[in-house]
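Chemist: Structure supplied as model36.pdb; contents: PDB, C-alpha atoms, pLDDT in the B column.
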```
ATOM      1  CA  MET A   2      17.434  -5.193  -0.057  1.00 89.00           C
ATOM      2  CA  THR A   3      17.544  -1.623   1.179  1.00 92.00           C
ATOM      3  CA  ILE A   4      14.972   1.091   1.761  1.00 93.00           C
ATOM      4  CA  SER A   5      16.030   2.578  -1.594  1.00 94.00           C
ATOM      5  CA  ASP A   6      15.177  -0.729  -3.307  1.00 94.00           C
ATOM      6  CA  VAL A   7      11.722  -0.690  -1.719  1.00 95.00           C
ATOM      7  CA  LYS A   8      11.163   2.937  -2.766  1.00 93.00           C
ATOM      8  CA  GLU A   9      12.214   2.083  -6.334  1.00 94.00           C
ATOM      9  CA  ALA A  10       9.754  -0.839  -6.376  1.00 94.00           C
ATOM     10  CA  PHE A  11       6.917   1.489  -5.302  1.00 92.00           C
ATOM     11  CA  LEU A  12       7.846   3.913  -8.086  1.00 92.00           C
ATOM     12  CA  ALA A  13       8.002   1.055 -10.604  1.00 93.00           C
ATOM     13  CA  CYS A  14       4.425   0.207  -9.562  1.00 89.00           C
ATOM     14  CA  ASP A  15       3.432   3.866 -10.138  1.00 88.00           C
ATOM     15  CA  TYR A  16       2.345   4.160  -6.510  1.00 86.00           C
ATOM     16  CA  PRO A  17       4.550   6.524  -4.492  1.00 82.00           C
ATOM     17  CA  PHE A  18       1.973   6.896  -1.702  1.00 89.00           C
ATOM     18  CA  TYR A  19       3.639   5.248   1.276  1.00 88.00           C
ATOM     19  CA  LYS A  20       5.357   6.424   4.441  1.00 91.00           C
ATOM     20  CA  GLN A  21       7.415   5.231   7.384  1.00 92.00           C
ATOM     21  CA  ILE A  22       9.377   2.453   5.683  1.00 94.00           C
ATOM     22  CA  THR A  23      11.449   0.364   8.045  1.00 95.00           C
ATOM     23  CA  ILE A  24      13.367  -2.810   7.309  1.00 96.00           C
ATOM     24  CA  GLU A  25      13.985  -5.617   9.763  1.00 92.00           C
ATOM     25  CA  CYS A  26      15.532  -8.920   8.695  1.00 91.00           C
ATOM     26  CA  ASN A  27      13.914  -9.743   5.346  1.00 93.00           C
ATOM     27  CA  GLU A  28      10.762  -7.637   5.776  1.00 96.00           C
ATOM     28  CA  ALA A  29       9.835  -4.061   4.993  1.00 96.00           C
ATOM     29  CA  VAL A  30       7.042  -2.439   6.983  1.00 96.00           C
ATOM     30  CA  CYS A  31       5.306   0.731   5.847  1.00 95.00           C
ATOM     31  CA  ILE A  32       1.946   2.438   5.574  1.00 94.00           C
ATOM     32  CA  LEU A  33       0.098   2.754   2.281  1.00 94.00           C
ATOM     33  CA  TYR A  34      -2.187   5.745   2.031  1.00 90.00           C
ATOM     34  CA  SER A  35      -4.697   7.064  -0.441  1.00 86.00           C
ATOM     35  CA  LEU A  36      -4.895  10.441  -2.090  1.00 82.00           C
ATOM     36  CA  HIS A  37      -8.651   9.966  -2.583  1.00 80.00           C
ATOM     37  CA  SER A  38      -9.645   9.341   1.028  1.00 82.00           C
ATOM     38  CA  SER A  39      -8.263   9.216   4.543  1.00 85.00           C
ATOM     39  CA  CYS A  40      -7.730   5.492   4.155  1.00 87.00           C
ATOM     40  CA  GLN A  41      -4.395   4.094   5.351  1.00 90.00           C
ATOM     41  CA  LYS A  42      -3.192   0.505   5.589  1.00 91.00           C
ATOM     42  CA  PRO A  43      -0.088  -0.834   7.342  1.00 94.00           C
ATOM     43  CA  ILE A  44       1.637  -3.506   5.264  1.00 95.00           C
ATOM     44  CA  THR A  45       4.518  -5.942   5.628  1.00 96.00           C
ATOM     45  CA  LEU A  46       6.459  -6.901   2.523  1.00 96.00           C
ATOM     46  CA  GLN A  47       8.782  -9.903   2.171  1.00 96.00           C
ATOM     47  CA  LEU A  48      12.103  -8.883   0.638  1.00 96.00           C
ATOM     48  CA  SER A  49      12.944 -11.991  -1.367  1.00 93.00           C
ATOM     49  CA  SER A  50      13.331 -10.513  -4.874  1.00 94.00           C
ATOM     50  CA  ARG A  51      12.439  -7.332  -6.754  1.00 94.00           C
ATOM     51  CA  ASP A  52       9.775  -9.082  -8.851  1.00 95.00           C
ATOM     52  CA  ALA A  53       8.179 -10.654  -5.782  1.00 96.00           C
ATOM     53  CA  LEU A  54       8.297  -7.292  -3.998  1.00 96.00           C
ATOM     54  CA  MET A  55       6.559  -5.536  -6.882  1.00 95.00           C
ATOM     55  CA  HIS A  56       3.906  -8.261  -6.973  1.00 96.00           C
ATOM     56  CA  GLN A  57       3.263  -7.850  -3.231  1.00 96.00           C
ATOM     57  CA  ILE A  58       3.005  -4.074  -3.608  1.00 95.00           C
ATOM     58  CA  ALA A  59       0.495  -4.468  -6.449  1.00 94.00           C
ATOM     59  CA  VAL A  60      -1.612  -6.855  -4.354  1.00 95.00           C
ATOM     60  CA  GLU A  61      -1.529  -4.474  -1.367  1.00 94.00           C
ATOM     61  CA  ILE A  62      -2.575  -1.548  -3.585  1.00 92.00           C
ATOM     62  CA  ILE A  63      -5.544  -3.592  -4.790  1.00 93.00           C
ATOM     63  CA  LYS A  64      -6.468  -4.407  -1.179  1.00 93.00           C
ATOM     64  CA  LEU A  65      -6.250  -0.716  -0.230  1.00 92.00           C
ATOM     65  CA  ARG A  66      -8.485   0.294  -3.125  1.00 91.00           C
ATOM     66  CA  CYS A  67     -10.993  -2.420  -2.188  1.00 92.00           C
ATOM     67  CA  LEU A  68     -11.019  -1.084   1.361  1.00 89.00           C
ATOM     68  CA  GLU A  69     -11.618   2.442   0.028  1.00 90.00           C
ATOM     69  CA  LEU A  70     -14.522   1.256  -2.100  1.00 91.00           C
ATOM     70  CA  GLN A  71     -16.000  -0.638   0.827  1.00 90.00           C
ATOM     71  CA  ILE A  72     -15.815   2.450   3.039  1.00 88.00           C
ATOM     72  CA  HIS A  73     -17.336   4.602   0.280  1.00 88.00           C
ATOM     73  CA  GLN A  74     -20.145   2.089  -0.258  1.00 91.00           C
ATOM     74  CA  ASN A  75     -20.883   1.972   3.484  1.00 90.00           C
ATOM     75  CA  ASN A  76     -21.042   5.769   3.568  1.00 88.00           C
ATOM     76  CA  LEU A  77     -23.495   5.807   0.655  1.00 90.00           C
ATOM     77  CA  VAL A  78     -25.709   3.205   2.353  1.00 91.00           C
ATOM     78  CA  GLN A  79     -25.712   5.215   5.598  1.00 89.00           C
ATOM     79  CA  LYS A  80     -26.660   8.404   3.760  1.00 90.00           C
ATOM     80  CA  ALA A  81     -29.482   6.606   1.959  1.00 88.00           C
ATOM     81  CA  SER A  82     -30.977   5.268   5.196  1.00 80.00           C
TER
END
```
Mind turning this structure into structure tokens?
Modeler:
Amino acid sequence: MTISDVKEAFLACDYPFYKQITIECNEAVCILYSLHSSCQKPITLQLSSRDALMHQIAVEIIKLRCLELQIHQNNLVQKAS
């Protein structure tokens, strides 16, 4: 797989918010970022097949959104104290 394949998989997942894609052996490394916060998350994706890649991207997007919610919740708790 190439960097173009990885970019296409991100677009197929409707999530074009990534940067610094590099590929080494059978892994792609990049940084997911959010448009809603300053949250960023480095990820490593296994490049075995397009379907598996899209599944991994979807899982990583869910993890990023969970991290965002956790940060937001912590901020609300701090403001309330």
Chemist: Running the PyMOL selection byres ((chain A and resi 41-58) around 8) on this model by hand, what would come out? Give it as an NGL selection string.
Modeler: :A and (2 or 6-7 or 10-11 or 13-14 or 27-35 or 39-40 or 59-62 or 65)
Chemist: Quick check, in Å to one decimal: how far apart do CA of Leu12 in chain A and CA of Leu70 in chain A lie?
Modeler: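 Separation between CA of Leu12 in chain A and CA of Leu70 in chain A: 23.3 Å.
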Chemist: Take CA of Arg66 in chain A and CA of Val78 in chain A and report the distance between them in Å, one decimal.
Modeler: 18.3 Å
Chemist: As AutoDock Vina command-line options, what would the box around range 45-50 of chain A look like: edges along x, y and z, 3 Å added on every side, centre and edge lengths in Å to one decimal?
Modeler:
```
--center_x 8.9 --center_y -9.0 --center_z 0.4 --size_x 14.8 --size_y 12.0 --size_z 16.5
```
Chemist: Quick one: distance from CA of His37 in chain A to CA of Thr23 in chain A in Å, one decimal?
Modeler: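 CA of Thr23 in chain A lies 24.7 Å from CA of His37 in chain A.
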Chemist: For the structure just given, write the atoms of range 30-52 of chain A, namely N, CA and C atoms, as an mmCIF file, in the first residue's frame.
Modeler:
```
data_model
loop_
_atom_site.group_PDB
_atom_site.id
_atom_site.type_symbol
_atom_site.label_atom_id
_atom_site.label_comp_id
_atom_site.auth_asym_id
_atom_site.auth_seq_id
_atom_site.Cartn_x
_atom_site.Cartn_y
_atom_site.Cartn_z
ATOM 1 N N VAL A 30 2.205 5.461 9.781
ATOM 2 C CA VAL A 30 2.196 6.239 11.018
ATOM 3 C C VAL A 30 1.741 7.645 10.660
ATOM 4 N N CYS A 31 0.809 8.176 11.449
ATOM 5 C CA CYS A 31 0.350 9.540 11.220
ATOM 6 C C CYS A 31 -0.240 10.095 12.511
ATOM 7 N N ILE A 32 -0.693 11.318 12.438
ATOM 8 C CA ILE A 32 -1.304 11.970 13.595
ATOM 9 C C ILE A 32 -2.737 12.332 13.235
ATOM 10 N N LEU A 33 -3.675 11.846 14.033
ATOM 11 C CA LEU A 33 -5.070 12.253 13.904
ATOM 12 C C LEU A 33 -5.244 13.539 14.695
ATOM 13 N N TYR A 34 -6.031 14.450 14.196
ATOM 14 C CA TYR A 34 -6.318 15.648 14.973
ATOM 15 C C TYR A 34 -7.799 15.984 14.871
ATOM 16 N N SER A 35 -8.231 16.801 15.794
ATOM 17 C CA SER A 35 -9.632 17.175 15.886
ATOM 18 C C SER A 35 -9.833 18.605 15.430
ATOM 19 N N LEU A 36 -10.969 18.847 14.822
ATOM 20 C CA LEU A 36 -11.341 20.220 14.481
ATOM 21 C C LEU A 36 -12.056 20.895 15.635
ATOM 22 N N HIS A 37 -12.490 20.106 16.629
ATOM 23 C CA HIS A 37 -13.278 20.625 17.746
ATOM 24 C C HIS A 37 -12.436 21.003 18.956
ATOM 25 N N SER A 38 -11.208 20.517 19.001
ATOM 26 C CA SER A 38 -10.345 20.798 20.152
ATOM 27 C C SER A 38 -8.893 20.754 19.685
ATOM 28 N N SER A 39 -7.996 20.923 20.618
ATOM 29 C CA SER A 39 -6.569 20.845 20.284
ATOM 30 C C SER A 39 -6.042 19.419 20.423
ATOM 31 N N CYS A 40 -6.933 18.477 20.522
ATOM 32 C CA CYS A 40 -6.580 17.090 20.731
ATOM 33 C C CYS A 40 -5.924 16.490 19.483
ATOM 34 N N GLN A 41 -4.803 15.812 19.692
ATOM 35 C CA GLN A 41 -4.101 15.097 18.635
ATOM 36 C C GLN A 41 -3.694 13.733 19.162
ATOM 37 N N LYS A 42 -3.594 12.745 18.261
ATOM 38 C CA LYS A 42 -3.276 11.396 18.686
ATOM 39 C C LYS A 42 -2.422 10.716 17.622
ATOM 40 N N PRO A 43 -1.181 10.354 17.955
ATOM 41 C CA PRO A 43 -0.382 9.597 16.985
ATOM 42 C C PRO A 43 -0.926 8.172 16.875
ATOM 43 N N ILE A 44 -0.995 7.663 15.650
ATOM 44 C CA ILE A 44 -1.501 6.309 15.448
ATOM 45 C C ILE A 44 -0.591 5.538 14.501
ATOM 46 N N THR A 45 -0.634 4.221 14.635
ATOM 47 C CA THR A 45 0.070 3.314 13.737
ATOM 48 C C THR A 45 -0.966 2.369 13.154
ATOM 49 N N LEU A 46 -0.987 2.283 11.838
ATOM 50 C CA LEU A 46 -1.965 1.462 11.137
ATOM 51 C C LEU A 46 -1.263 0.329 10.396
ATOM 52 N N GLN A 47 -1.781 -0.885 10.541
ATOM 53 C CA GLN A 47 -1.252 -2.041 9.812
ATOM 54 C C GLN A 47 -1.810 -1.998 8.390
ATOM 55 N N LEU A 48 -0.953 -2.202 7.419
ATOM 56 C CA LEU A 48 -1.365 -2.111 6.017
ATOM 57 C C LEU A 48 -1.556 -3.498 5.414
ATOM 58 N N SER A 49 -2.525 -4.232 5.917
ATOM 59 C CA SER A 49 -2.755 -5.587 5.412
ATOM 60 C C SER A 49 -3.755 -5.608 4.259
ATOM 61 N N SER A 50 -4.868 -4.875 4.404
ATOM 62 C CA SER A 50 -5.865 -4.777 3.337
ATOM 63 C C SER A 50 -6.618 -3.465 3.500
ATOM 64 N N ARG A 51 -7.314 -3.049 2.451
ATOM 65 C CA ARG A 51 -8.055 -1.782 2.513
ATOM 66 C C ARG A 51 -9.166 -1.850 3.558
ATOM 67 N N ASP A 52 -9.894 -2.964 3.595
ATOM 68 C CA ASP A 52 -10.980 -3.102 4.577
ATOM 69 C C ASP A 52 -10.447 -3.064 6.003
#
```
